file target-v9.txt (compact mmCIF, C-alpha atoms and all ligand atoms)
# COMPACT_ATOMS: atom_id res chain seq x y z
CA MET E 27 0.00 0.00 0.00
CA THR E 28 1.38 3.42 -0.93
CA THR E 29 1.27 6.26 1.54
CA PRO E 30 -1.16 8.97 0.36
CA HIS E 31 0.50 12.33 -0.16
CA LEU E 32 -0.80 15.02 2.14
CA PRO E 33 -1.51 18.35 0.41
CA ALA E 34 1.11 21.09 0.55
CA LEU E 35 -1.19 24.02 -0.12
CA LEU E 36 -4.71 25.22 0.68
CA ILE E 37 -5.87 25.20 -2.94
CA SER E 38 -6.03 22.60 -5.65
CA ILE E 39 -7.23 23.45 -9.13
CA PRO E 40 -8.18 20.86 -11.77
CA GLU E 41 -5.95 20.72 -14.86
CA GLY E 42 -7.20 22.98 -17.65
CA VAL E 43 -9.42 25.16 -15.44
CA ILE E 44 -8.73 28.87 -14.85
CA ASP E 45 -10.18 29.14 -11.37
CA LEU E 46 -11.21 32.71 -10.56
CA GLY E 47 -12.77 31.52 -7.30
CA TRP E 48 -9.64 31.81 -5.18
CA GLY E 49 -8.54 35.03 -3.48
CA HIS E 50 -4.90 33.96 -3.36
CA PRO E 51 -1.95 35.81 -4.92
CA SER E 52 -0.12 34.21 -7.84
CA ALA E 53 3.21 32.54 -7.05
CA ARG E 54 4.91 34.95 -9.49
CA LEU E 55 4.12 37.84 -7.16
CA HIS E 56 5.83 36.41 -4.09
CA PRO E 57 8.93 38.51 -3.33
CA ALA E 58 11.09 35.44 -2.68
CA ALA E 59 14.43 37.18 -3.30
CA ALA E 60 13.46 40.09 -1.04
CA LEU E 61 12.41 37.69 1.71
CA ALA E 62 15.69 35.79 1.36
CA ALA E 63 17.55 39.10 1.80
CA ALA E 64 15.33 39.90 4.80
CA ALA E 65 16.03 36.47 6.35
CA ASP E 66 19.74 37.07 5.86
CA TYR E 67 19.42 40.49 7.50
CA ALA E 68 17.42 39.10 10.44
CA LEU E 69 19.52 35.98 11.05
CA GLY E 70 22.85 36.84 9.43
CA GLY E 71 24.42 38.57 12.42
CA GLU E 72 23.66 35.44 14.46
CA SER E 73 21.34 37.50 16.62
CA PRO E 74 19.32 35.18 18.87
CA ILE E 75 16.33 37.56 18.78
CA PRO E 76 14.35 36.08 15.84
CA LEU E 77 14.40 32.62 17.41
CA GLN E 78 13.45 33.55 20.98
CA TYR E 79 9.92 33.96 22.37
CA GLY E 80 8.83 37.45 21.35
CA ALA E 81 7.19 40.23 23.37
CA VAL E 82 3.44 39.66 23.82
CA GLN E 83 2.29 42.79 21.97
CA GLY E 84 4.64 41.87 19.13
CA PHE E 85 8.31 42.45 18.30
CA GLY E 86 8.83 46.03 19.56
CA PRO E 87 11.18 47.32 16.83
CA PHE E 88 8.72 46.04 14.25
CA LEU E 89 5.70 47.62 15.98
CA GLU E 90 7.53 50.95 15.79
CA ALA E 91 8.60 50.47 12.17
CA LEU E 92 5.11 49.28 11.22
CA ALA E 93 3.53 52.33 12.88
CA ASP E 94 5.86 54.54 10.81
CA PHE E 95 5.12 52.64 7.62
CA LEU E 96 1.35 52.85 8.15
CA SER E 97 1.61 56.54 9.05
CA GLY E 98 3.14 57.15 5.61
CA GLN E 99 0.35 55.40 3.69
CA ALA E 100 -2.23 57.59 1.95
CA ALA E 101 -4.83 54.86 2.64
CA VAL E 102 -4.27 55.24 6.40
CA GLY E 103 -4.56 58.99 6.37
CA GLY E 104 -2.73 60.02 9.55
CA PRO E 105 -0.21 59.12 12.21
CA VAL E 106 -0.38 55.67 13.82
CA LYS E 107 1.08 55.11 17.29
CA PRO E 108 2.84 51.81 18.10
CA GLU E 109 0.80 51.45 21.30
CA THR E 110 -2.33 51.12 19.13
CA LEU E 111 -0.96 48.01 17.36
CA PHE E 112 -0.84 44.31 18.28
CA LEU E 113 0.78 41.71 16.02
CA THR E 114 -1.23 38.66 15.01
CA ALA E 115 -0.80 35.52 12.93
CA GLY E 116 -3.01 37.02 10.21
CA ALA E 117 -6.50 38.47 10.07
CA SER E 118 -8.23 35.09 10.46
CA GLN E 119 -6.40 34.45 13.72
CA ALA E 120 -7.15 38.00 14.88
CA ILE E 121 -10.88 37.52 14.22
CA ASP E 122 -10.84 34.26 16.16
CA MET E 123 -9.05 36.01 19.02
CA ALA E 124 -11.46 38.96 18.98
CA ALA E 125 -14.35 36.49 19.22
CA THR E 126 -12.62 34.83 22.21
CA LEU E 127 -11.98 38.13 23.97
CA PHE E 128 -15.12 40.14 23.20
CA ALA E 129 -17.95 37.60 22.89
CA LYS E 130 -19.20 34.46 24.58
CA THR E 131 -21.23 31.46 23.43
CA ASP E 132 -24.77 32.32 22.25
CA ASP E 133 -23.91 35.98 21.70
CA THR E 134 -24.87 37.45 18.33
CA VAL E 135 -22.56 38.70 15.60
CA TYR E 136 -23.86 40.82 12.74
CA VAL E 137 -22.21 40.34 9.35
CA GLU E 138 -22.67 42.02 6.00
CA GLU E 139 -24.97 40.34 3.51
CA PRO E 140 -22.98 39.27 1.41
CA THR E 141 -19.79 38.68 3.42
CA TYR E 142 -16.44 36.83 3.19
CA TYR E 143 -17.54 33.22 2.80
CA LEU E 144 -15.05 31.67 5.24
CA ILE E 145 -15.86 33.94 8.16
CA GLY E 146 -19.03 32.17 9.31
CA ARG E 147 -17.05 29.11 10.38
CA ILE E 148 -14.91 31.16 12.79
CA PHE E 149 -17.98 32.62 14.47
CA LEU E 150 -19.71 29.21 14.60
CA ASP E 151 -16.59 27.78 16.28
CA HIS E 152 -17.35 30.26 19.07
CA GLY E 153 -21.04 29.29 19.30
CA LEU E 154 -22.18 32.71 18.05
CA ASN E 155 -25.48 33.40 16.27
CA ILE E 156 -24.96 35.07 12.91
CA ILE E 157 -27.37 37.69 11.56
CA GLY E 158 -26.97 39.42 8.18
CA VAL E 159 -27.19 43.21 7.69
CA PRO E 160 -28.16 44.56 4.24
CA THR E 161 -25.54 46.20 2.04
CA ASP E 162 -25.72 48.28 -1.13
CA ALA E 163 -23.23 49.68 -3.64
CA ASP E 164 -21.63 51.64 -0.76
CA GLY E 165 -21.21 48.62 1.51
CA LEU E 166 -22.90 48.18 4.90
CA ASN E 167 -26.21 50.02 5.00
CA THR E 168 -25.84 51.80 8.33
CA ASP E 169 -29.41 53.17 8.23
CA ALA E 170 -30.74 49.60 7.93
CA LEU E 171 -28.36 48.64 10.76
CA ALA E 172 -29.71 51.48 12.94
CA GLU E 173 -33.24 50.18 12.38
CA MET E 174 -32.22 46.64 13.31
CA LEU E 175 -30.53 47.89 16.47
CA SER E 176 -33.60 49.78 17.59
CA ASP E 177 -35.91 46.83 16.83
CA GLY E 178 -36.26 45.00 20.15
CA ALA E 179 -37.30 41.78 18.34
CA ILE E 180 -33.87 41.28 16.69
CA PRO E 181 -31.13 39.99 19.03
CA ALA E 182 -28.64 42.77 19.83
CA PRO E 183 -25.08 42.22 18.56
CA ARG E 184 -22.00 41.75 20.71
CA LEU E 185 -19.83 41.91 17.57
CA LEU E 186 -20.28 43.35 14.10
CA TYR E 187 -17.96 42.06 11.38
CA THR E 188 -17.45 44.32 8.37
CA ILE E 189 -15.04 44.57 5.43
CA PRO E 190 -15.27 48.33 4.80
CA THR E 191 -12.66 48.64 2.05
CA TYR E 192 -12.79 46.73 -1.26
CA GLN E 193 -15.24 44.35 0.32
CA ASN E 194 -14.95 40.62 -0.19
CA PRO E 195 -16.95 39.70 -2.26
CA SER E 196 -18.58 42.92 -3.54
CA GLY E 197 -15.57 45.27 -3.90
CA ALA E 198 -17.64 48.05 -2.26
CA VAL E 199 -16.01 50.83 -0.23
CA LEU E 200 -17.83 52.22 2.80
CA PRO E 201 -17.94 56.05 2.54
CA LEU E 202 -16.55 58.21 5.34
CA GLN E 203 -19.98 59.27 6.57
CA ARG E 204 -21.12 55.65 6.99
CA ARG E 205 -17.85 54.80 8.74
CA ARG E 206 -18.58 57.51 11.30
CA HIS E 207 -22.21 56.42 11.61
CA LEU E 208 -21.13 52.82 12.28
CA ILE E 209 -18.73 53.87 15.04
CA GLU E 210 -21.41 56.04 16.61
CA LEU E 211 -23.83 53.07 16.59
CA ALA E 212 -21.18 50.80 18.14
CA ARG E 213 -20.73 53.28 20.98
CA ARG E 214 -24.44 53.87 21.46
CA TYR E 215 -25.36 50.17 21.50
CA GLY E 216 -22.13 48.87 23.11
CA PHE E 217 -20.88 46.39 20.51
CA THR E 218 -17.43 45.78 19.04
CA VAL E 219 -16.83 46.42 15.35
CA ILE E 220 -14.32 44.02 13.79
CA ALA E 221 -13.21 45.90 10.68
CA ASP E 222 -11.42 43.42 8.41
CA GLU E 223 -9.26 45.75 6.32
CA VAL E 224 -6.89 43.33 4.64
CA TYR E 225 -7.29 45.15 1.28
CA GLN E 226 -6.95 48.69 2.68
CA LEU E 227 -3.48 49.30 1.22
CA LEU E 228 -4.24 47.71 -2.17
CA HIS E 229 -5.70 50.73 -3.96
CA TYR E 230 -5.00 51.14 -7.66
CA GLY E 231 -5.97 54.80 -7.86
CA PRO E 232 -7.00 57.32 -5.19
CA PRO E 233 -6.80 55.98 -1.63
CA PRO E 234 -9.96 54.80 0.18
CA PRO E 235 -11.25 56.49 3.37
CA PRO E 236 -9.14 55.70 6.47
CA PRO E 237 -9.32 52.48 8.50
CA LEU E 238 -12.14 52.54 11.02
CA ALA E 239 -9.69 52.57 13.96
CA MET E 240 -8.32 55.90 12.67
CA LEU E 241 -11.80 57.41 13.05
CA ASP E 242 -12.57 56.11 16.54
CA ASP E 243 -12.01 59.25 18.55
CA ALA E 244 -13.45 58.07 21.87
CA PRO E 245 -10.76 55.63 23.04
CA ASP E 246 -11.95 52.69 25.08
CA ALA E 247 -9.72 53.09 28.11
CA ALA E 248 -11.45 50.29 30.01
CA GLY E 249 -11.06 47.85 27.11
CA SER E 250 -14.77 46.94 27.20
CA GLY E 251 -14.62 46.50 23.44
CA ALA E 252 -17.29 49.09 22.57
CA GLY E 253 -15.68 50.68 19.55
CA VAL E 254 -13.53 49.48 16.72
CA ILE E 255 -10.87 46.87 16.02
CA SER E 256 -9.19 47.33 12.63
CA LEU E 257 -7.34 44.36 11.15
CA GLY E 258 -4.48 44.43 8.66
CA SER E 259 -2.62 41.51 7.11
CA PHE E 260 0.66 40.81 5.39
CA SER E 261 -1.11 38.03 3.44
CA LYS E 262 -2.18 40.54 0.80
CA ILE E 263 0.86 42.85 0.81
CA LEU E 264 3.71 40.38 1.31
CA ALA E 265 2.92 36.64 1.36
CA PRO E 266 0.08 34.62 2.96
CA GLY E 267 2.43 31.79 3.95
CA LEU E 268 3.99 34.16 6.51
CA ARG E 269 0.78 34.20 8.60
CA LEU E 270 1.39 37.71 9.92
CA GLY E 271 -1.00 40.58 10.53
CA TRP E 272 -1.88 43.32 12.97
CA VAL E 273 -4.69 44.73 15.06
CA GLN E 274 -5.11 48.51 15.28
CA ALA E 275 -7.33 49.73 18.12
CA SER E 276 -7.41 51.99 21.16
CA PRO E 277 -4.81 51.18 23.83
CA GLY E 278 -7.64 49.85 26.06
CA ILE E 279 -8.62 47.23 23.48
CA ILE E 280 -4.96 46.47 22.63
CA GLY E 281 -4.50 45.80 26.36
CA ARG E 282 -7.14 43.05 26.17
CA PHE E 283 -5.21 41.32 23.36
CA VAL E 284 -1.91 41.70 25.26
CA ASP E 285 -3.47 40.21 28.41
CA SER E 286 -4.90 37.19 26.57
CA GLY E 287 -3.95 33.72 27.78
CA LEU E 288 -2.74 32.82 24.28
CA ALA E 289 -0.20 35.64 24.02
CA PHE E 290 0.73 35.30 27.70
CA SER E 291 1.73 31.66 27.23
CA GLY E 292 3.43 31.78 23.83
CA GLY E 293 4.58 35.40 23.55
CA GLY E 294 4.27 37.33 20.28
CA LEU E 295 2.04 35.34 17.94
CA ASN E 296 4.35 35.18 14.93
CA HIS E 297 7.58 36.56 16.31
CA PHE E 298 9.86 35.03 13.66
CA GLY E 299 7.64 36.31 10.84
CA ALA E 300 7.64 39.73 12.50
CA THR E 301 11.44 39.86 12.47
CA LEU E 302 11.41 39.02 8.73
CA ALA E 303 8.81 41.69 7.95
CA HIS E 304 10.81 44.11 10.10
CA ALA E 305 13.89 43.39 7.99
CA MET E 306 11.80 43.97 4.84
CA LEU E 307 10.89 47.40 6.21
CA GLU E 308 14.42 48.24 7.28
CA LEU E 309 15.69 47.35 3.78
CA GLY E 310 12.93 49.37 2.09
CA LEU E 311 11.66 46.22 0.38
CA LEU E 312 8.09 46.27 1.65
CA SER E 313 7.27 49.58 -0.06
CA ASP E 314 8.80 48.26 -3.30
CA ASN E 315 6.67 45.15 -3.06
CA LEU E 316 3.49 47.10 -2.34
CA ASP E 317 4.16 49.42 -5.29
CA ASN E 318 4.64 46.40 -7.54
CA LEU E 319 1.44 44.73 -6.31
CA ARG E 320 -0.57 47.91 -6.88
CA ARG E 321 0.81 48.21 -10.39
CA VAL E 322 0.26 44.56 -11.38
CA TYR E 323 -3.15 44.16 -9.73
CA GLY E 324 -4.25 47.51 -11.15
CA GLN E 325 -3.43 46.25 -14.65
CA ARG E 326 -5.23 42.98 -13.99
CA MET E 327 -8.30 44.79 -12.66
CA ASP E 328 -8.35 46.91 -15.83
CA ALA E 329 -7.91 43.83 -18.04
CA VAL E 330 -10.84 42.05 -16.37
CA GLY E 331 -12.99 45.18 -16.39
CA ASP E 332 -12.38 45.60 -20.13
CA ALA E 333 -13.01 41.91 -20.87
CA LEU E 334 -16.25 41.95 -18.87
CA SER E 335 -17.47 45.08 -20.64
CA THR E 336 -16.73 43.54 -24.05
CA GLU E 337 -17.74 39.93 -23.49
CA LEU E 338 -20.54 40.16 -20.98
CA ALA E 339 -22.25 43.43 -21.87
CA GLY E 340 -25.98 43.10 -21.30
CA LEU E 341 -25.56 39.78 -19.46
CA VAL E 342 -24.12 40.84 -16.11
CA ASP E 343 -24.03 43.92 -13.91
CA PHE E 344 -20.79 44.76 -12.15
CA ALA E 345 -18.84 47.73 -10.79
CA LYS E 346 -15.07 47.70 -11.21
CA PRO E 347 -13.56 48.43 -7.77
CA GLY E 348 -10.61 50.79 -7.28
CA GLY E 349 -8.68 48.22 -5.27
CA GLY E 350 -8.63 44.77 -3.71
CA TYR E 351 -8.98 41.38 -5.37
CA PHE E 352 -12.63 40.94 -6.26
CA LEU E 353 -15.37 41.71 -8.77
CA TRP E 354 -18.98 40.80 -7.99
CA LEU E 355 -21.10 39.92 -10.98
CA THR E 356 -24.90 39.77 -10.96
CA VAL E 357 -26.33 37.77 -13.84
CA ARG E 358 -29.29 39.62 -15.32
CA ASP E 359 -31.50 36.74 -16.40
CA GLY E 360 -31.44 35.35 -12.87
CA ALA E 361 -29.21 32.35 -13.68
CA ASP E 362 -28.49 29.94 -10.82
CA THR E 363 -24.70 30.25 -10.44
CA VAL E 364 -24.44 27.14 -8.24
CA ALA E 365 -26.18 25.02 -10.89
CA LEU E 366 -24.00 26.56 -13.63
CA LEU E 367 -20.70 25.72 -11.94
CA PRO E 368 -20.20 22.19 -13.40
CA THR E 369 -20.82 23.57 -16.91
CA ALA E 370 -18.32 26.34 -16.23
CA ASN E 371 -15.71 23.84 -15.06
CA GLU E 372 -16.23 21.81 -18.26
CA ALA E 373 -15.64 25.02 -20.23
CA GLY E 374 -12.36 25.52 -18.31
CA VAL E 375 -13.34 28.33 -15.94
CA SER E 376 -14.44 28.48 -12.32
CA TYR E 377 -15.71 31.10 -9.88
CA ARG E 378 -17.22 31.34 -6.40
CA PRO E 379 -21.06 31.28 -6.50
CA GLY E 380 -22.86 34.17 -4.81
CA ALA E 381 -24.80 31.89 -2.45
CA ASP E 382 -21.52 31.05 -0.65
CA PHE E 383 -21.41 34.63 0.66
CA SER E 384 -24.86 34.74 2.21
CA ALA E 385 -25.96 33.90 5.74
CA SER E 386 -29.52 33.44 4.45
CA GLY E 387 -29.16 31.75 1.07
CA GLY E 388 -29.36 34.93 -1.05
CA PHE E 389 -27.38 36.01 -4.15
CA GLY E 390 -28.19 32.86 -6.16
CA ASN E 391 -27.70 34.83 -9.40
CA ALA E 392 -24.36 36.39 -8.39
CA LEU E 393 -20.77 35.23 -8.54
CA ARG E 394 -17.38 36.46 -7.36
CA ILE E 395 -14.22 36.45 -9.42
CA SER E 396 -10.69 37.29 -8.26
CA ILE E 397 -7.92 39.01 -10.21
CA ALA E 398 -5.13 37.83 -7.91
CA LEU E 399 -4.13 34.36 -9.05
CA TYR E 400 -3.69 34.79 -12.83
CA GLU E 401 -2.02 37.07 -15.35
CA SER E 402 -4.07 39.52 -17.45
CA GLU E 403 -4.06 37.29 -20.56
CA GLU E 404 -5.34 34.25 -18.64
CA LEU E 405 -7.96 36.42 -16.94
CA ALA E 406 -9.21 37.57 -20.35
CA VAL E 407 -9.43 33.95 -21.56
CA ALA E 408 -11.35 33.05 -18.41
CA VAL E 409 -13.85 35.87 -18.96
CA ARG E 410 -14.40 34.67 -22.56
CA ARG E 411 -15.10 31.15 -21.25
CA LEU E 412 -17.48 32.59 -18.67
CA ALA E 413 -19.26 34.55 -21.38
CA SER E 414 -19.65 31.41 -23.50
CA ILE E 415 -21.50 29.56 -20.73
CA LEU E 416 -23.59 32.53 -19.58
CA ARG E 417 -24.82 33.05 -23.14
C1 LIG E 501 -11.82 39.64 3.88
C2 LIG E 501 -10.71 38.70 4.22
N1 LIG E 501 -10.35 38.55 5.50
C3 LIG E 501 -9.37 37.73 5.85
C4 LIG E 501 -8.69 36.98 4.92
C5 LIG E 501 -7.61 36.07 5.40
O1 LIG E 501 -6.60 36.87 5.95
P1 LIG E 501 -5.31 36.26 6.64
O2 LIG E 501 -4.55 35.52 5.57
O3 LIG E 501 -4.58 37.43 7.16
O4 LIG E 501 -5.79 35.34 7.71
C6 LIG E 501 -9.03 37.10 3.58
C7 LIG E 501 -8.33 36.29 2.56
O5 LIG E 501 -8.84 36.00 1.50
C8 LIG E 501 -10.07 37.98 3.22
O6 LIG E 501 -10.45 38.15 1.96
call {"tool": "encode", "arguments": {"input": "target-v9.txt", "output": "structure tokens"}}
result
Amino acid sequence: MTTPHLPALLISIPEGVIDLGWGHPSARLHPAAALAAAADYALGGESPIPLQYGAVQGFGPFLEALADFLSGQAAVGGPVKPETLFLTAGASQAIDMAATLFAKTDDTVYVEEPTYYLIGRIFLDHGLNIIGVPTDADGLNTDALAEMLSDGAIPAPRLLYTIPTYQNPSGAVLPLQRRRHLIELARRYGFTVIADEVYQLLHYGPPPPPPLAMLDDAPDAAGSGAGVISLGSFSKILAPGLRLGWVQASPGIIGRFVDSGLAFSGGGLNHFGATLAHAMLELGLLSDNLDNLRRVYGQRMDAVGDALSTELAGLVDFAKPGGGYFLWLTVRDGADTVALLPTANEAGVSYRPGADFSASGGFGNALRISIALYESEELAVAVRRLASILR
């Protein structure tokens, strides 16, 4: 009997299929040489620091360098203080940790409708009830949220999970006014906003409005959680295999993360990765990488936008986002995108059906495609294949 091979990676794609369903970067975009130089920088002087347990809040020199780096980003829009940051092992881990720290079993979490399709599992792991909040072309509909919050018949939220910038899956960007409204509602009704902002820095034109944590001007000194937790990730600006990200929040909330049993026992959550990313910053390589990603993804977004306009005119509605990975297509004749998937795979293209992004089974005629995994030419071929089956 032969030993089965265990998979090396999270995704597997059938031969001959261009799979637009995955929000993963293409291997070509990994800055392997830069990371090798960073590893040399971090480990080369035989410093023991990268291999020790790290400080609970995160590797201090990196927190300071990261705060500087973020302060210089147009998409952040102001100075960031290191004491408002906590290093994580990526946004997924940070969301899990926020659920541990700020909610308990049977509490309710509100999510956008549609939302990131993998997020429900994290909240279910914590025994939370999930309720969808309507969205529109500008993201979370905060007026609809205000009505839900004042309706005594709907369970009140302990957490609200939102992707305010280049939303996954819709690509929508929450305008400044709604960002402020959301924070005001969180304060009034005493819930914690988890703002998943992993695409915040990936803008291909003008920057989006600032992260929610930048707008929270009533710091939560007691760490009750009423207010905002913004999440960033190196998965989308460096490499997902690193498993490195950050929380930005008031010092009171950061204190809750620092005091967690998890960080207390193991120290900084991805200390070694933090020392590598620190070296990338010290060597100026992170900015280079981000510039390259913006350029390449911007071209890919244009290529897909053009192909959709040419090939699918009259068949689908979509809005090309100014950043992030995703385009959200609504098929006009009400096609069932789950039922269509096997036909699409036979035609050599795949996507993520809209129903995957709904807590209540909506969006049956929608689908999400990603620009991240393939080059412009392959993306254009994929759109042609999609057009052939939708016709
Ligand atoms: C909205 C959103 N949040 C979180 C993640 C995962 O982030 P991380 O790799 O930092 O855990 C993704 C990845 O696709 C995402 O799209």
call {"tool": "residues_around", "arguments": {"input": "target-v9.txt", "residues": "Ile156 (chain E)", "least_positions_apart": "5", "cutoff": "12 Å", "atoms": "only C-alpha atoms", "output": "list in words"}}
result
Thr131, Asp132, Asp133, Thr134, Val135, Tyr136, Val137, Glu138, Glu139, Thr141, Ile145, Gly146, Arg147, Ile148, Phe149, Leu150, Asp151, Ile180, Pro181, Ala182, Pro183, Arg184, Leu185, Leu186, Tyr187, Ser384, Ala385 and Ser386 of chain E
call {"tool": "residues_near_ligand", "arguments": {"input": "target-v9.txt", "ligand": "ligand LIG 501 (chain E)", "cutoff": "9 Å", "atoms": "all atoms listed in the file", "output": "PyMOL selection string"}}
result
chain E and resi 48-50+114-121+141-145+188-189+192-195+222-225+257-262+265-272+350-352
call {"tool": "closest_residue", "arguments": {"input": "target-v9.txt", "among": "E:Pro108, E:Gly324, E:Gly178, E:Pro190", "to": "Thr161 (chain E)", "atoms": "all atoms listed in the file"}}
result
E:Pro190
call {"tool": "atom_distance", "arguments": {"input": "target-v9.txt", "atom1": "CA of Ile279 (chain E)", "atom2": "CA of Pro236 (chain E)"}}
result
19.0 Å
call {"tool": "closest_residue", "arguments": {"input": "target-v9.txt", "among": "E:Arg206, E:His152, E:Arg321, E:His229", "to": "Thr191 (chain E)", "atoms": "only C-alpha atoms"}}
result
E:His229
call {"tool": "build_atoms", "arguments": {"input": "target-v9.txt", "residues": "region 190-197 of chain E", "atoms": "all heavy atoms", "output": "mmCIF file, in the coordinates of the input"}}
result
data_model
loop_
_atom_site.group_PDB
_atom_site.id
_atom_site.type_symbol
_atom_site.label_atom_id
_atom_site.label_comp_id
_atom_site.auth_asym_id
_atom_site.auth_seq_id
_atom_site.Cartn_x
_atom_site.Cartn_y
_atom_site.Cartn_z
ATOM 1 N N PRO E 190 -14.860 47.015 5.321
ATOM 2 C CA PRO E 190 -15.270 48.330 4.800
ATOM 3 C C PRO E 190 -14.592 48.740 3.500
ATOM 4 O O PRO E 190 -15.121 49.597 2.796
ATOM 5 C CB PRO E 190 -14.906 49.299 5.932
ATOM 6 C CG PRO E 190 -13.931 48.589 6.793
ATOM 7 C CD PRO E 190 -14.117 47.124 6.599
ATOM 8 N N THR E 191 -13.436 48.160 3.203
ATOM 9 C CA THR E 191 -12.660 48.640 2.050
ATOM 10 C C THR E 191 -12.432 47.524 1.044
ATOM 11 O O THR E 191 -11.833 46.507 1.383
ATOM 12 C CB THR E 191 -11.322 49.221 2.546
ATOM 13 O OG1 THR E 191 -11.602 50.251 3.508
ATOM 14 C CG2 THR E 191 -10.533 49.825 1.399
ATOM 15 N N TYR E 192 -12.890 47.742 -0.198
ATOM 16 C CA TYR E 192 -12.790 46.730 -1.260
ATOM 17 C C TYR E 192 -13.331 45.405 -0.736
ATOM 18 O O TYR E 192 -12.637 44.389 -0.665
ATOM 19 C CB TYR E 192 -11.356 46.615 -1.806
ATOM 20 C CG TYR E 192 -10.743 47.960 -2.091
ATOM 21 C CD1 TYR E 192 -9.510 48.335 -1.584
ATOM 22 C CD2 TYR E 192 -11.451 48.895 -2.861
ATOM 23 C CE1 TYR E 192 -8.981 49.595 -1.831
ATOM 24 C CE2 TYR E 192 -10.918 50.153 -3.121
ATOM 25 C CZ TYR E 192 -9.690 50.497 -2.593
ATOM 26 O OH TYR E 192 -9.171 51.733 -2.828
ATOM 27 N N GLN E 193 -14.589 45.449 -0.390
ATOM 28 C CA GLN E 193 -15.240 44.350 0.320
ATOM 29 C C GLN E 193 -15.080 43.029 -0.422
ATOM 30 O O GLN E 193 -15.099 43.005 -1.667
ATOM 31 C CB GLN E 193 -16.730 44.684 0.514
ATOM 32 C CG GLN E 193 -17.371 44.024 1.721
ATOM 33 C CD GLN E 193 -18.340 42.918 1.352
ATOM 34 O OE1 GLN E 193 -18.360 42.448 0.240
ATOM 35 N NE2 GLN E 193 -19.155 42.501 2.313
ATOM 36 N N ASN E 194 -14.934 41.973 0.336
ATOM 37 C CA ASN E 194 -14.950 40.620 -0.190
ATOM 38 C C ASN E 194 -16.322 40.054 0.139
ATOM 39 O O ASN E 194 -16.620 39.895 1.319
ATOM 40 C CB ASN E 194 -13.843 39.807 0.517
ATOM 41 C CG ASN E 194 -13.812 38.363 0.085
ATOM 42 O OD1 ASN E 194 -14.630 37.935 -0.715
ATOM 43 N ND2 ASN E 194 -12.865 37.614 0.630
ATOM 44 N N PRO E 195 -17.203 39.843 -0.831
ATOM 45 C CA PRO E 195 -16.950 39.700 -2.260
ATOM 46 C C PRO E 195 -17.282 40.918 -3.136
ATOM 47 O O PRO E 195 -16.951 40.913 -4.308
ATOM 48 C CB PRO E 195 -17.918 38.581 -2.642
ATOM 49 C CG PRO E 195 -19.148 38.876 -1.804
ATOM 50 C CD PRO E 195 -18.579 39.373 -0.488
ATOM 51 N N SER E 196 -17.932 41.966 -2.630
ATOM 52 C CA SER E 196 -18.580 42.920 -3.540
ATOM 53 C C SER E 196 -17.636 43.986 -4.116
ATOM 54 O O SER E 196 -17.954 44.628 -5.105
ATOM 55 C CB SER E 196 -19.726 43.641 -2.819
ATOM 56 O OG SER E 196 -19.189 44.547 -1.881
ATOM 57 N N GLY E 197 -16.489 44.205 -3.471
ATOM 58 C CA GLY E 197 -15.570 45.270 -3.900
ATOM 59 C C GLY E 197 -15.981 46.651 -3.399
ATOM 60 O O GLY E 197 -15.274 47.632 -3.621
#
